[in-house]
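Comments concern the structure below.
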Amino acid sequence: MADILAPVALILALLATWEIAVRALAVPSYVLPPPSAVAEALAGDWKSLIASAWNTLAMALQALIVASLLAQLAALGAALSPALHRALRPLAVVLQVTPVIAIAPLVNIWAGIDHPERAIVALAAVVAFFPIFSGAVTGLRSADPDLERLFDLYGANRRQRLLRLRLPSALPFLLEGHKVAAGLAIVGAVVAEFVAGSGSAQGLAWRILDASHRLQTARMLAALLALGLLGAALYALFEALERAGLKWWRGR
């Protein structure tokens, strides 16, 4: 109960302080609305926010699937071929450290101005690629050396070694990589949607942009709250999947 009550009490205290300070200082609502105004905006726009959250989530999940498939294939090739690993690693690092907002306009042009959802999925997949790739490569290379020597002793071929030793050893790293990548996919989708700036892909970022253009700060904060809840829910889902996967892995 303490783990639940402590953060709830802190949040309530911060909201009360915010409400009192905004009203006492007479802060204009377009600068910083009180929490009560944000709650009103949330109650009034909940249907459109749910639809926008679903659009953002759908594009992020599509990107996560694409990133997962590409990253695991690349990691498998890198684990089986040291030369390929040396070739792929620098490219993956460069892809990771390049700000997604810097390449977003280019990807948006390639995807087609009339199809911003393609650019959003592509950019979110770029952001989600590296954690899965890094985790998969590390996992595939983390097999117990004693078990490696045992497989050598019994003359296991490359396929047997991969299926019965390396892939099971890589599972915890893959689960962690996907958990991190899930949150990054949401971030990538939102950043890409900001750059695309098209109403044809009406995710939560579009709601934030639309409210900012109208100086409706309460609606902006309501959309930000929905975005935060969406990210937290997705993270919690993958954390639960990770716990279930690790429980199975330890008991296998």
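By order of appearance in the structure tokens: chains A, B, ..., then residues from 1 within every chain, and ligands from 1 in the order shown.
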
Compile the contact shell of Pro105 of chain A as a short mmCIF file (atom, residue, chain, number, x, y, z; two decimals) with all heavy atoms, in the first residue's frame: residues with an atom at most 12 Å away, counting only C-alpha atoms, same-chain residues fewer than 2 positions apart removed.
```cif
data_model
loop_
_atom_site.label_atom_id
_atom_site.label_comp_id
_atom_site.auth_asym_id
_atom_site.auth_seq_id
_atom_site.Cartn_x
_atom_site.Cartn_y
_atom_site.Cartn_z
N PRO A 99 20.01 12.21 -34.64
CA PRO A 99 18.68 12.64 -34.17
C PRO A 99 17.61 12.36 -35.22
O PRO A 99 17.76 12.70 -36.39
CB PRO A 99 18.85 14.14 -33.94
CG PRO A 99 20.33 14.33 -33.77
CD PRO A 99 20.98 13.30 -34.64
N VAL A 100 16.53 11.74 -34.79
CA VAL A 100 15.48 11.35 -35.73
C VAL A 100 14.85 12.58 -36.38
O VAL A 100 14.43 12.54 -37.53
CB VAL A 100 14.42 10.48 -35.03
CG1 VAL A 100 13.67 11.28 -33.98
CG2 VAL A 100 13.45 9.89 -36.03
N ILE A 101 14.82 13.70 -35.64
CA ILE A 101 14.21 14.90 -36.20
C ILE A 101 15.04 15.46 -37.36
O ILE A 101 14.52 16.18 -38.21
CB ILE A 101 14.02 15.96 -35.09
CG1 ILE A 101 13.01 17.01 -35.54
CG2 ILE A 101 15.35 16.58 -34.69
CD1 ILE A 101 12.57 17.93 -34.43
N ALA A 102 16.34 15.10 -37.39
CA ALA A 102 17.20 15.59 -38.47
C ALA A 102 16.93 14.89 -39.80
O ALA A 102 17.06 15.49 -40.86
CB ALA A 102 18.67 15.44 -38.08
N ILE A 103 16.56 13.62 -39.72
CA ILE A 103 16.31 12.87 -40.95
C ILE A 103 14.82 12.78 -41.27
O ILE A 103 14.45 12.29 -42.33
CB ILE A 103 16.90 11.45 -40.85
CG1 ILE A 103 16.25 10.66 -39.70
CG2 ILE A 103 18.40 11.48 -40.67
CD1 ILE A 103 16.66 9.20 -39.66
N VAL A 107 12.92 11.59 -44.85
CA VAL A 107 12.08 10.39 -44.89
C VAL A 107 10.65 10.76 -45.28
O VAL A 107 9.98 10.02 -46.00
CB VAL A 107 12.11 9.66 -43.54
CG1 VAL A 107 11.16 8.47 -43.53
CG2 VAL A 107 13.53 9.19 -43.22
N ASN A 108 10.20 11.91 -44.83
CA ASN A 108 8.86 12.37 -45.17
C ASN A 108 8.72 12.58 -46.68
O ASN A 108 7.69 12.26 -47.28
CB ASN A 108 8.55 13.66 -44.42
CG ASN A 108 7.08 14.01 -44.43
OD1 ASN A 108 6.23 13.13 -44.36
ND2 ASN A 108 6.76 15.28 -44.54
N ILE A 109 9.76 13.10 -47.31
CA ILE A 109 9.75 13.29 -48.76
C ILE A 109 9.76 11.94 -49.47
O ILE A 109 9.01 11.70 -50.42
CB ILE A 109 10.95 14.14 -49.20
CG1 ILE A 109 10.79 15.58 -48.68
CG2 ILE A 109 11.08 14.15 -50.72
CD1 ILE A 109 12.01 16.44 -48.91
N TRP A 110 10.62 11.04 -49.02
CA TRP A 110 10.71 9.71 -49.65
C TRP A 110 9.39 8.94 -49.51
O TRP A 110 8.99 8.23 -50.43
CB TRP A 110 11.83 8.91 -49.00
CG TRP A 110 13.21 9.40 -49.39
CD1 TRP A 110 13.53 10.23 -50.42
CD2 TRP A 110 14.43 9.08 -48.73
NE1 TRP A 110 14.87 10.46 -50.44
CE2 TRP A 110 15.47 9.76 -49.43
CE3 TRP A 110 14.77 8.29 -47.64
CZ2 TRP A 110 16.80 9.67 -49.06
CZ3 TRP A 110 16.11 8.21 -47.27
CH2 TRP A 110 17.11 8.88 -47.97
N ALA A 111 8.75 9.06 -48.35
CA ALA A 111 7.51 8.31 -48.13
C ALA A 111 6.35 8.88 -48.92
O ALA A 111 5.37 8.18 -49.18
CB ALA A 111 7.17 8.29 -46.64
N GLY A 112 6.47 10.15 -49.28
CA GLY A 112 5.39 10.79 -50.02
C GLY A 112 4.61 11.73 -49.11
O GLY A 112 4.18 11.33 -48.02
N ILE A 113 4.44 12.96 -49.55
CA ILE A 113 3.76 13.96 -48.73
C ILE A 113 2.33 13.53 -48.42
O ILE A 113 1.78 13.87 -47.37
CB ILE A 113 3.76 15.32 -49.47
CG1 ILE A 113 5.20 15.75 -49.79
CG2 ILE A 113 3.07 16.37 -48.63
CD1 ILE A 113 6.07 15.93 -48.58
N PRO A 116 1.83 10.48 -44.84
CA PRO A 116 2.69 10.74 -43.68
C PRO A 116 2.81 9.54 -42.74
O PRO A 116 3.80 9.41 -42.04
CB PRO A 116 2.00 11.92 -42.99
CG PRO A 116 0.57 11.83 -43.42
CD PRO A 116 0.62 11.32 -44.84
N ALA A 119 6.00 7.60 -43.32
CA ALA A 119 7.18 8.23 -42.72
C ALA A 119 7.20 8.05 -41.21
O ALA A 119 8.26 7.82 -40.61
CB ALA A 119 7.20 9.71 -43.08
N ILE A 120 6.03 8.14 -40.58
CA ILE A 120 5.96 7.99 -39.13
C ILE A 120 6.39 6.59 -38.71
O ILE A 120 7.19 6.41 -37.79
CB ILE A 120 4.54 8.31 -38.64
CG1 ILE A 120 4.23 9.80 -38.87
CG2 ILE A 120 4.37 7.95 -37.17
CD1 ILE A 120 2.78 10.16 -38.64
N ALA A 122 8.27 4.50 -40.46
CA ALA A 122 9.68 4.31 -40.79
C ALA A 122 10.58 4.96 -39.74
O ALA A 122 11.57 4.36 -39.29
CB ALA A 122 9.97 4.87 -42.17
N LEU A 123 10.28 6.18 -39.35
CA LEU A 123 11.11 6.88 -38.39
C LEU A 123 11.03 6.25 -37.00
O LEU A 123 12.03 6.16 -36.29
CB LEU A 123 10.71 8.35 -38.34
CG LEU A 123 11.09 9.16 -39.57
CD1 LEU A 123 10.36 10.49 -39.59
CD2 LEU A 123 12.60 9.39 -39.62
N VAL A 191 7.60 12.29 -32.60
CA VAL A 191 8.51 13.23 -33.26
C VAL A 191 8.24 13.26 -34.76
O VAL A 191 8.19 14.33 -35.38
CB VAL A 191 9.98 12.84 -32.98
CG1 VAL A 191 10.93 13.67 -33.84
CG2 VAL A 191 10.31 13.02 -31.51
N ALA A 192 8.06 12.09 -35.36
CA ALA A 192 7.79 12.03 -36.79
C ALA A 192 6.48 12.71 -37.14
O ALA A 192 6.36 13.38 -38.17
CB ALA A 192 7.78 10.57 -37.26
N GLU A 193 5.49 12.58 -36.27
CA GLU A 193 4.20 13.21 -36.53
C GLU A 193 4.30 14.73 -36.43
O GLU A 193 3.64 15.45 -37.18
CB GLU A 193 3.15 12.67 -35.56
CG GLU A 193 1.73 13.01 -35.96
CD GLU A 193 0.70 12.36 -35.06
OE1 GLU A 193 1.05 11.39 -34.37
OE2 GLU A 193 -0.44 12.84 -35.06
N PHE A 194 5.11 15.21 -35.51
CA PHE A 194 5.34 16.65 -35.43
C PHE A 194 5.93 17.18 -36.74
O PHE A 194 5.53 18.23 -37.24
CB PHE A 194 6.31 16.97 -34.28
CG PHE A 194 5.64 17.15 -32.96
CD1 PHE A 194 6.06 16.43 -31.85
CD2 PHE A 194 4.60 18.05 -32.80
CE1 PHE A 194 5.45 16.59 -30.62
CE2 PHE A 194 3.98 18.22 -31.57
CZ PHE A 194 4.41 17.48 -30.48
N VAL A 195 6.90 16.44 -37.29
CA VAL A 195 7.55 16.88 -38.53
C VAL A 195 6.60 16.75 -39.71
O VAL A 195 6.52 17.64 -40.58
CB VAL A 195 8.83 16.08 -38.78
CG1 VAL A 195 9.46 16.45 -40.12
CG2 VAL A 195 9.83 16.32 -37.66
N ALA A 196 5.84 15.64 -39.75
CA ALA A 196 4.91 15.45 -40.86
C ALA A 196 3.85 16.54 -40.87
O ALA A 196 3.50 17.08 -41.93
CB ALA A 196 4.26 14.07 -40.76
N GLY A 197 3.34 16.87 -39.68
CA GLY A 197 2.41 17.97 -39.54
C GLY A 197 1.17 17.87 -40.40
O GLY A 197 0.65 18.87 -40.87
#
```

Which residues are close to segment 180-183 of chain A, i.e. within 7 Å by only C-alpha atoms, leaving aside same-chain residues fewer than 4 positions away? Reply as a ChimeraX atom specification. /A:64,128,131-132,176,187,231,235

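Using only C-alpha atoms, the smallest distance between any of A:Ala75, A:Val97, A:Leu171, A:Ala218 and Ser36 of chain A comes from A:Ala218.
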
Within 9 Å of Thr138 of chain A using only C-alpha atoms, minus same-chain residues under 2 positions, as a PyMOL selection string: chain A and resi 75+79+133-136+140-142+170+173

State, in Å with one decimal place, the distance from atom CA of Leu14 of chain A to atom CA of Ala205 of chain A.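 So the two atoms, atom CA of Leu14 of chain A and atom CA of Ala205 of chain A, lie 25.3 Å apart.
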
Find the spatial neighbours of Ser81 of chain A, counting only C-alpha atoms, within a cut-off of 12 Å - ignore same-chain residues fewer than 4 positions away - and output them as a ChimeraX atom specification. /A:74-77,85-88,137,140-141,158

In Å and to one decimal, atom CA of Phe130 of chain A is distant from atom CA of Leu224 of chain A by 26.0 Å

Which is closer to Asn55 of chain A than all the others in A:Ala71, A:Ala211, A:Leu32, A:Leu204, using only C-alpha atoms?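 Nearest to Asn55 of chain A: A:Leu204.
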
Suppose you want the space between atom CA of Arg161 of chain A and atom CA of Leu241 of chain A; what is it in Å?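 Between atom CA of Arg161 of chain A and atom CA of Leu241 of chain A the gap is 26.1 Å.
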
Surrounding residues of Ile20 of chain A excluding itself and chain neighbours under 4 positions, 12 Å, only C-alpha atoms, as a ChimeraX atom specification: /A:13-16,24-27,33-36

For the residues in the current selection, export all heavy atoms as a PDB file, in the first residue's frame.
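The resulting selection_10.pdb:
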```pdb
ATOM      1  N   ALA A  13      -0.532  16.402  -4.069  1.00  0.00           N
ATOM      2  CA  ALA A  13       0.060  17.602  -3.480  1.00  0.00           C
ATOM      3  C   ALA A  13       0.562  18.559  -4.555  1.00  0.00           C
ATOM      4  O   ALA A  13       0.370  19.779  -4.468  1.00  0.00           O
ATOM      5  CB  ALA A  13       1.204  17.214  -2.537  1.00  0.00           C
ATOM      6  N   LEU A  14       1.198  18.016  -5.594  1.00  0.00           N
ATOM      7  CA  LEU A  14       1.693  18.855  -6.692  1.00  0.00           C
ATOM      8  C   LEU A  14       0.538  19.510  -7.445  1.00  0.00           C
ATOM      9  O   LEU A  14       0.612  20.693  -7.809  1.00  0.00           O
ATOM     10  CB  LEU A  14       2.539  18.011  -7.640  1.00  0.00           C
ATOM     11  CG  LEU A  14       3.882  17.518  -7.095  1.00  0.00           C
ATOM     12  CD1 LEU A  14       4.558  16.577  -8.097  1.00  0.00           C
ATOM     13  CD2 LEU A  14       4.802  18.692  -6.788  1.00  0.00           C
ATOM     14  N   LEU A  15      -0.534  18.753  -7.682  1.00  0.00           N
ATOM     15  CA  LEU A  15      -1.690  19.311  -8.385  1.00  0.00           C
ATOM     16  C   LEU A  15      -2.355  20.415  -7.565  1.00  0.00           C
ATOM     17  O   LEU A  15      -2.771  21.453  -8.113  1.00  0.00           O
ATOM     18  CB  LEU A  15      -2.698  18.203  -8.702  1.00  0.00           C
ATOM     19  CG  LEU A  15      -2.283  17.189  -9.774  1.00  0.00           C
ATOM     20  CD1 LEU A  15      -3.327  16.087  -9.910  1.00  0.00           C
ATOM     21  CD2 LEU A  15      -2.064  17.875 -11.121  1.00  0.00           C
ATOM     22  N   ALA A  16      -2.463  20.202  -6.251  1.00  0.00           N
ATOM     23  CA  ALA A  16      -3.065  21.221  -5.392  1.00  0.00           C
ATOM     24  C   ALA A  16      -2.210  22.487  -5.373  1.00  0.00           C
ATOM     25  O   ALA A  16      -2.740  23.613  -5.445  1.00  0.00           O
ATOM     26  CB  ALA A  16      -3.228  20.669  -3.979  1.00  0.00           C
ATOM     27  N   ALA A  24      -3.828  32.087  -7.469  1.00  0.00           N
ATOM     28  CA  ALA A  24      -3.353  33.178  -6.623  1.00  0.00           C
ATOM     29  C   ALA A  24      -2.554  34.207  -7.426  1.00  0.00           C
ATOM     30  O   ALA A  24      -2.649  35.414  -7.163  1.00  0.00           O
ATOM     31  CB  ALA A  24      -2.499  32.629  -5.486  1.00  0.00           C
ATOM     32  N   LEU A  25      -1.776  33.745  -8.388  1.00  0.00           N
ATOM     33  CA  LEU A  25      -0.950  34.645  -9.192  1.00  0.00           C
ATOM     34  C   LEU A  25      -1.670  35.159 -10.427  1.00  0.00           C
ATOM     35  O   LEU A  25      -1.085  35.935 -11.196  1.00  0.00           O
ATOM     36  CB  LEU A  25       0.340  33.931  -9.609  1.00  0.00           C
ATOM     37  CG  LEU A  25       1.260  33.487  -8.455  1.00  0.00           C
ATOM     38  CD1 LEU A  25       2.421  32.653  -8.985  1.00  0.00           C
ATOM     39  CD2 LEU A  25       1.777  34.699  -7.687  1.00  0.00           C
ATOM     40  N   ALA A  26      -2.897  34.696 -10.652  1.00  0.00           N
ATOM     41  CA  ALA A  26      -3.697  35.119 -11.810  1.00  0.00           C
ATOM     42  C   ALA A  26      -2.949  34.895 -13.127  1.00  0.00           C
ATOM     43  O   ALA A  26      -2.880  35.781 -13.988  1.00  0.00           O
ATOM     44  CB  ALA A  26      -4.098  36.588 -11.664  1.00  0.00           C
ATOM     45  N   VAL A  27      -2.383  33.704 -13.274  1.00  0.00           N
ATOM     46  CA  VAL A  27      -1.654  33.360 -14.499  1.00  0.00           C
ATOM     47  C   VAL A  27      -2.661  33.173 -15.634  1.00  0.00           C
ATOM     48  O   VAL A  27      -3.668  32.471 -15.461  1.00  0.00           O
ATOM     49  CB  VAL A  27      -0.836  32.065 -14.298  1.00  0.00           C
ATOM     50  CG1 VAL A  27      -0.095  31.693 -15.582  1.00  0.00           C
ATOM     51  CG2 VAL A  27       0.152  32.244 -13.149  1.00  0.00           C
ATOM     52  N   PRO A  33      -2.779  26.860 -17.626  1.00  0.00           N
ATOM     53  CA  PRO A  33      -4.110  26.668 -17.038  1.00  0.00           C
ATOM     54  C   PRO A  33      -4.013  25.850 -15.762  1.00  0.00           C
ATOM     55  O   PRO A  33      -3.073  25.082 -15.565  1.00  0.00           O
ATOM     56  CB  PRO A  33      -4.859  25.903 -18.134  1.00  0.00           C
ATOM     57  CG  PRO A  33      -3.793  25.153 -18.850  1.00  0.00           C
ATOM     58  CD  PRO A  33      -2.564  26.023 -18.815  1.00  0.00           C
ATOM     59  N   PRO A  34      -4.984  25.979 -14.867  1.00  0.00           N
ATOM     60  CA  PRO A  34      -4.986  25.156 -13.653  1.00  0.00           C
ATOM     61  C   PRO A  34      -5.347  23.711 -13.989  1.00  0.00           C
ATOM     62  O   PRO A  34      -5.924  23.426 -15.052  1.00  0.00           O
ATOM     63  CB  PRO A  34      -6.073  25.809 -12.794  1.00  0.00           C
ATOM     64  CG  PRO A  34      -6.980  26.458 -13.775  1.00  0.00           C
ATOM     65  CD  PRO A  34      -6.111  26.922 -14.896  1.00  0.00           C
ATOM     66  N   PRO A  35      -5.013  22.789 -13.101  1.00  0.00           N
ATOM     67  CA  PRO A  35      -5.362  21.386 -13.345  1.00  0.00           C
ATOM     68  C   PRO A  35      -6.848  21.164 -13.581  1.00  0.00           C
ATOM     69  O   PRO A  35      -7.232  20.262 -14.334  1.00  0.00           O
ATOM     70  CB  PRO A  35      -4.884  20.684 -12.075  1.00  0.00           C
ATOM     71  CG  PRO A  35      -3.808  21.549 -11.544  1.00  0.00           C
ATOM     72  CD  PRO A  35      -4.220  22.950 -11.880  1.00  0.00           C
ATOM     73  N   SER A  36      -7.699  21.970 -12.945  1.00  0.00           N
ATOM     74  CA  SER A  36      -9.138  21.801 -13.146  1.00  0.00           C
ATOM     75  C   SER A  36      -9.529  22.067 -14.596  1.00  0.00           C
ATOM     76  O   SER A  36     -10.394  21.380 -15.156  1.00  0.00           O
ATOM     77  CB  SER A  36      -9.908  22.744 -12.211  1.00  0.00           C
ATOM     78  OG  SER A  36      -9.510  24.092 -12.421  1.00  0.00           O
TER      79      SER A  36
END
```

Show which residues sit within 12 Å of Val31 of chain A, as a list of chain:residue names. Count only C-alpha atoms, and ignore same-chain residues fewer than 6 positions away.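 The filter keeps A:Val22, A:Ser212, A:Leu215, A:Gln216, A:Thr217, A:Ala218, A:Met220, A:Leu221.
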